Amino acid sequence: RTLRIGLIPGDGIGHEVIPAGRRVLEAIASSFNLQFSFVDLPAGYKTFQQTSVALPDKTVETLKKECNGALFGAVSSPTTKVAGYSSPIVALRKKLDLYANVRPVKTTLSSKAPIDLVIVRENTEDLYVKEERTFEAPYGPGKVAEAIKRISERASFRIASMAGNIALQRQKIRETGVQSVHSKPLVTITHKSNVLSQTDGLFRETCRSALSDPKFQSVGVEEQIVDSMVYKLFRQPSSYDVIVAPNLYGDILSDGAAALVGSLGLVPSANVGDAFAIGEPCHGSAPDIMGKGIANPIATIRSTALMLEFMGHEEAAAKIHAAVDGNLDEGKLLTPDMGGKAGTEEVVEDVLRRL
Ligand code: NAI
Ligand code: MG
């Protein structure tokens, strides 16, 4: 069966790193008895400037009707509000119901304090429902602004189930012989229910209930208040396996955890729903290095592996991660953000050789 992959480079270095994902897929195809075909799809700020639409309907339709998975590069956002423009990746997540943002944060095993964790962030509700209002304070001069924090049982249940499934899947990958700092699957539920007993309380209880399903019997479950979690995440990152969090905490923890591995150019993510996954490097369009041929392709290559994992091709994914680990451990061909002198092309070639 041929797997059709939508390629959405977006803006800036998206055009330099997305081809790396394509080449990696082409390189592993035959060893795993897979075939890939690709379709280039427009989206982003440049597309908006040219057509006055940031996310063309055709792009969404093609993803829905033809594609088995997709890779998204990055988009530029104007610094001031531009009428009619809104982020295409945010819209794509909604249109394809990609309700989870999954961000693995991983060092190679040879690093002094190896980290191998994944943050599973709920992506549809919490404070990001953007229901805000501003009004004159009834009790005195000045304005008051407030925002709704919405937590539902349905969204909490499905994100916790996804975290449980990811924990099991990571265990399955470890059982194929991939070395890791973890020997058992563990999900940590993040919340602040000591203060927000209803909203975060519901999140916490619903996660507990989802993870009590017998299919998660082998998965350890613990919970942690978000502020103390930040402390521990930076002091002892190796103690975390899978972290599940509501939208806002997950957003903050994800960027914070990315700092643990050195460069934004290394950190992948995936936008995941029940039927579709889009791999996406965590970095932006990096206008400061665009066109210089020095963008680090590793975040995209790891995002490609992540997409494959969600498509059920764990072994192919593991092989890609191993090739990247080999490149990083040897440390000879690194891009400037990692302290090296290599260009994008040289890093891709090195990873392809290892594949
Ligand atoms: P950025 O991630 O584009 O860049 C931050 C710094 O990291 C820059 O110095 C850049 O050169 C470096 N960097 C990022 N990716 C790299 C890579 N692969 N290799 C080497 N160095 C890399 O974030 P910034 O500068 O805040 O935003 C630039 C544009 O990207 C903005 O328009 C912003 O809105 C957009 N953006 C888009 C995102 C997305 O599409 N998901 C996420 C973050 C920012
Ligand atoms: Mg963020």
# chains A, B, ... in the order shown; residues from 1 in each chain; ligands from 1

$ residues_near_ligand --ligand "ligand 2" --cutoff "10 Å" --atoms "only C-alpha atoms and all ligand atoms" --output "list in words"
Leu248, Gly250, Asp251, Ile252, Leu253, Ser254, Asp255, Gly256, Cys282 and His283 of chain A

$ residues_near_ligand --ligand "ligand 1" --cutoff "10 Å" --atoms "only C-alpha atoms and all ligand atoms" --output "ChimeraX atom specification"
/A:9-14,16-17,44-45,72-79,87-90,263-267,269,280-290,293-300,335-338,343-344

$ write_last_selection --atoms "C-alpha atoms" --output "PDB file, in the first residue's frame"
ATOM      1  CA  PRO A   9       6.408  23.717   4.146  1.00  0.00           C
ATOM      2  CA  GLY A  10       4.734  27.026   5.092  1.00  0.00           C
ATOM      3  CA  ASP A  11       7.178  29.929   5.348  1.00  0.00           C
ATOM      4  CA  GLY A  12      10.872  30.621   5.882  1.00  0.00           C
ATOM      5  CA  ILE A  13      13.040  27.645   6.806  1.00  0.00           C
ATOM      6  CA  GLY A  14       9.979  25.399   6.482  1.00  0.00           C
ATOM      7  CA  GLU A  16      14.533  24.090   3.831  1.00  0.00           C
ATOM      8  CA  VAL A  17      13.623  21.462   6.435  1.00  0.00           C
ATOM      9  CA  GLY A  44       1.138  30.263   5.540  1.00  0.00           C
ATOM     10  CA  TYR A  45       1.761  33.958   5.486  1.00  0.00           C
ATOM     11  CA  PHE A  72       4.056  20.893   8.474  1.00  0.00           C
ATOM     12  CA  GLY A  73       7.101  23.188   8.488  1.00  0.00           C
ATOM     13  CA  ALA A  74       6.442  26.530  10.156  1.00  0.00           C
ATOM     14  CA  VAL A  75       4.565  29.699   9.412  1.00  0.00           C
ATOM     15  CA  SER A  76       5.475  33.317   9.963  1.00  0.00           C
ATOM     16  CA  SER A  77       3.048  35.417  11.905  1.00  0.00           C
ATOM     17  CA  PRO A  78       3.007  39.165  11.380  1.00  0.00           C
ATOM     18  CA  THR A  79       3.966  41.004  14.588  1.00  0.00           C
ATOM     19  CA  SER A  87      -2.553  30.954  11.917  1.00  0.00           C
ATOM     20  CA  PRO A  88      -3.139  28.037   9.521  1.00  0.00           C
ATOM     21  CA  ILE A  89      -1.802  25.404  11.905  1.00  0.00           C
ATOM     22  CA  VAL A  90      -4.323  26.431  14.563  1.00  0.00           C
ATOM     23  CA  SER A 263      18.407  23.727  20.551  1.00  0.00           C
ATOM     24  CA  LEU A 264      14.944  24.411  19.195  1.00  0.00           C
ATOM     25  CA  GLY A 265      16.282  22.877  16.010  1.00  0.00           C
ATOM     26  CA  LEU A 266      16.132  19.416  17.637  1.00  0.00           C
ATOM     27  CA  VAL A 267      12.631  19.273  19.078  1.00  0.00           C
ATOM     28  CA  SER A 269       6.081  17.515  17.734  1.00  0.00           C
ATOM     29  CA  GLU A 280       5.690  19.522  12.945  1.00  0.00           C
ATOM     30  CA  PRO A 281       9.057  20.798  14.172  1.00  0.00           C
ATOM     31  CA  CYS A 282       8.604  22.994  17.255  1.00  0.00           C
ATOM     32  CA  HIS A 283      10.569  25.899  15.895  1.00  0.00           C
ATOM     33  CA  GLY A 284       9.210  28.775  13.825  1.00  0.00           C
ATOM     34  CA  SER A 285      10.140  30.052  10.386  1.00  0.00           C
ATOM     35  CA  ALA A 286      13.473  31.493  11.643  1.00  0.00           C
ATOM     36  CA  PRO A 287      13.721  34.520   9.330  1.00  0.00           C
ATOM     37  CA  ASP A 288      17.187  35.313  10.754  1.00  0.00           C
ATOM     38  CA  ILE A 289      18.764  32.228   9.148  1.00  0.00           C
ATOM     39  CA  MET A 290      16.394  31.695   6.220  1.00  0.00           C
ATOM     40  CA  GLY A 293      21.227  26.619   4.129  1.00  0.00           C
ATOM     41  CA  ILE A 294      22.090  26.198   7.810  1.00  0.00           C
ATOM     42  CA  ALA A 295      18.707  25.349   9.362  1.00  0.00           C
ATOM     43  CA  ASN A 296      18.900  22.285  11.566  1.00  0.00           C
ATOM     44  CA  PRO A 297      16.781  19.560   9.909  1.00  0.00           C
ATOM     45  CA  ILE A 298      16.702  17.258  12.951  1.00  0.00           C
ATOM     46  CA  ALA A 299      13.473  18.574  14.489  1.00  0.00           C
ATOM     47  CA  THR A 300      11.747  17.834  11.177  1.00  0.00           C
ATOM     48  CA  THR A 335      24.567  22.795  12.231  1.00  0.00           C
ATOM     49  CA  PRO A 336      25.671  26.127  13.806  1.00  0.00           C
ATOM     50  CA  ASP A 337      22.825  26.157  16.391  1.00  0.00           C
ATOM     51  CA  MET A 338      24.527  23.041  17.843  1.00  0.00           C
ATOM     52  CA  GLY A 343      24.842  22.942   6.565  1.00  0.00           C
ATOM     53  CA  THR A 344      21.352  21.448   6.391  1.00  0.00           C
TER      54      THR A 344
END

$ residues_around --residues "segment 63-66 of chain A" --least-positions-apart "2" --cutoff "10 Å" --atoms "only C-alpha atoms" --output "list in words"
Leu3, Arg4, Ile5, Gly6, Leu7, Val39, Leu41, Asp57, Lys58, Thr59, Val60, Glu61, Asn68, Gly69, Ala70, Leu92, Lys95, Leu96, Phe276 and Ile278 of chain A

$ select_by_dssp --residues "segment 96-243 of chain A" --states "alpha helix (DSSP H)" --output "ChimeraX atom specification"
/A:153-175,199-211,226-235

$ residues_around --residues "segment 199-209 of chain A" --least-positions-apart "5" --cutoff "6 Å" --atoms "only C-alpha atoms" --output "PyMOL selection string"
chain A and resi 151+156-157+160+191-193

$ select_by_dssp --residues "segment 204-308 of chain A" --states "strand (DSSP E)" --output "VMD selection string"
chain A and resid 220 to 225 242 to 245 270 to 272 277 to 279

$ write_last_selection --atoms "C-alpha atoms" --output "PDB file, in the first residue's frame"
ATOM      1  CA  GLY A 220       2.028   3.542  36.383  1.00  0.00           C
ATOM      2  CA  VAL A 221      -0.022   6.659  37.127  1.00  0.00           C
ATOM      3  CA  GLU A 222       1.104   9.562  39.294  1.00  0.00           C
ATOM      4  CA  GLU A 223       0.118  13.182  39.498  1.00  0.00           C
ATOM      5  CA  GLN A 224       1.840  16.431  40.188  1.00  0.00           C
ATOM      6  CA  ILE A 225       0.879  20.047  40.845  1.00  0.00           C
ATOM      7  CA  VAL A 242       4.677  10.589  29.662  1.00  0.00           C
ATOM      8  CA  ILE A 243       3.243  13.861  31.003  1.00  0.00           C
ATOM      9  CA  VAL A 244      -0.413  14.691  30.334  1.00  0.00           C
ATOM     10  CA  ALA A 245      -1.557  18.275  30.811  1.00  0.00           C
ATOM     11  CA  ALA A 270       2.974  15.948  16.311  1.00  0.00           C
ATOM     12  CA  ASN A 271      -0.615  17.165  16.128  1.00  0.00           C
ATOM     13  CA  VAL A 272      -2.670  14.059  16.647  1.00  0.00           C
ATOM     14  CA  ALA A 277      -1.271  12.932  12.572  1.00  0.00           C
ATOM     15  CA  ILE A 278       0.737  15.898  11.349  1.00  0.00           C
ATOM     16  CA  GLY A 279       4.429  16.014  12.239  1.00  0.00           C
TER      17      GLY A 279
END

$ closest_residue --among "A:Leu196, A:Cys67, A:Val144, A:Val219" --to "Gly164 of chain A" --atoms "only C-alpha atoms"
A:Val219

$ residues_around --residues "segment 178-181 of chain A" --least-positions-apart "2" --cutoff "10 Å" --atoms "only C-alpha atoms" --output "MDAnalysis selection string"
chainID A and resid 106 108:109 113:117 170:176 183:184 238:241 315 318:319 321:322

$ residues_around --residues "Ala29 of chain A" --least-positions-apart "3" --cutoff "12 Å" --atoms "only C-alpha atoms" --output "list in words"
Arg1, Thr2, Leu3, Arg22, Arg23, Val24, Leu25, Glu26, Phe32, Asn33, Leu34, Gln35, Phe36, Ser37, Leu308, His313, Glu315, Ala316, Ala317, Lys319, Ile320 and Leu355 of chain A

$ write_last_selection --atoms "C-alpha atoms" --output "compact mmCIF listing (two decimals), in the first residue's frame"
# COMPACT_ATOMS: atom_id res chain seq x y z
CA ARG A 1 0.00 0.00 0.00
CA THR A 2 1.22 3.46 -0.84
CA LEU A 3 1.11 6.01 1.95
CA ARG A 22 10.61 13.59 2.49
CA ARG A 23 14.10 12.26 1.78
CA VAL A 24 14.17 10.29 5.02
CA LEU A 25 10.85 8.63 4.14
CA GLU A 26 12.12 7.79 0.67
CA PHE A 32 10.07 -1.64 5.69
CA ASN A 33 8.15 -2.66 2.63
CA LEU A 34 6.50 0.74 2.41
CA GLN A 35 5.85 3.09 -0.44
CA PHE A 36 5.33 6.80 -0.16
CA SER A 37 3.87 9.36 -2.49
CA LEU A 308 5.17 7.31 11.35
CA HIS A 313 5.11 2.11 11.78
CA GLU A 315 10.04 0.17 13.76
CA ALA A 316 10.63 2.50 10.86
CA ALA A 317 10.36 5.39 13.31
CA LYS A 319 15.30 3.40 12.86
CA ILE A 320 15.07 7.10 12.01
CA LEU A 355 19.78 4.83 7.48

$ atom_distance --atom1 "atom CA of Val324 of chain A" --atom2 "atom CA of Leu186 of chain A"
25.1 Å

$ closest_residue --among "A:Lys292, A:Arg103, A:Arg302, A:Lys149" --to "Glu345 of chain A" --atoms "only C-alpha atoms"
A:Lys292

$ atom_distance --atom1 "atom CA of Gly273 of chain A" --atom2 "atom CA of Leu211 of chain A"
18.2 Å

$ closest_residue --among "A:Ala20, A:Ile148, A:Gly177, A:Thr190" --to "Asp350 of chain A" --atoms "only C-alpha atoms"
A:Ala20
